[in-house]
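Asker: Below is the structure I would like to discuss, written out as structure tokens.
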Amino acid sequence: MSLAPFISKRPWLVKMLQPLAQMYVNQAGYRKMGLRTDDLISEENETVLKALSRLPPRESYDRIYRIRRAQQLSMQHKILPKAEWTKPEEDVEYLGPILREVEAEEKERAALDTLTIAKKH
């Protein structure tokens with residue numbers, strides 16, 4: 001269960017927690033490696049793999065490039081120069097909407113697969 005709906009309905013709480021959330025994102029360090037939030041989603045799930053296959057070719061290429069560059073930087077124990085860090089306005093969700101769409105399709109498919117027809121007498 002998520003607290004996000006509870007928090008988003010209360011502007012004063014959003015305003016209070018926003019600096020804490022930004023501090024957490026900065027401490028996570030993935031932006032210093034040139035990554036975006038959706039780059040951190042693990043590819044070990046069939047749903048994620050299906051969503052990745054639906055990405056436009058350019059977005060897919062960019063994702064692979066960012067991940068490989070971050071792996072290389074990690075092995076070298078380095079971070080990117082500050083000018084190349086991912087900026088907050090660039091860190092937009094690109095895989096999440098597709099992932100939610102795939103999950104909804106799977107949920108609908110499961111509901112249709114278990115559908116039973118009741119005969120009326």
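So you can find residues: chains in the structure tokens are A, B, ... in the order shown, residues in each start at 1, and ligands are numbered from 1 in order.
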Select from chain A everything DSSP, run on the backbone, classes as helix (DSSP H, G or I), then give the selection as an MDAnalysis selection string.
Answerer: chainID A and resid 4:8 11:28 31:33 37:40 46:53 57:76 82:84 96:113
Asker: Here is a test: counting only C-alpha atoms, which residue of A:Ala4, A:Asp38, A:Gln27, A:Thr47 is nearest to Lys107 (chain A)?
Answerer: A:Thr47
Asker: Would you list the contacts of region 62-69 of chain A as a list in words, taking every protein, DNA or RNA residue within 7 Å and counting only C-alpha atoms, but skipping same-chain residues closer than 4 positions in sequence?
Answerer: Gly34, Leu35, Asp39, Arg58 and Leu73 of chain A
Asker: Using Å and a single decimal, report how far CA of Leu52 (chain A) sits from CA of Met33 (chain A).
Answerer: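 CA of Leu52 (chain A) lies 21.1 Å from CA of Met33 (chain A).
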Asker: Hey, which of A:Gln22, A:Gln71, A:Pro56, A:Ser8 ends up closest to Pro88 (chain A)? Count only C-alpha atoms.
Answerer: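 Under the stated criterion, the closest residue is A:Gln22.
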Asker: Which residues come within 10 Å of Leu17 (chain A), counting only C-alpha atoms, excluding same-chain residues fewer than 6 positions away, as a ChimeraX atom specification?
Answerer: /A:7,11,23
Asker: Between A:Glu108, A:Gly29, A:Tyr24, A:Lys15, which one has atoms that come closest to Leu80 (chain A), using only C-alpha atoms?
Answerer: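 Among A:Glu108, A:Gly29, A:Tyr24, A:Lys15, it is A:Gly29 that comes nearest to Leu80 (chain A).
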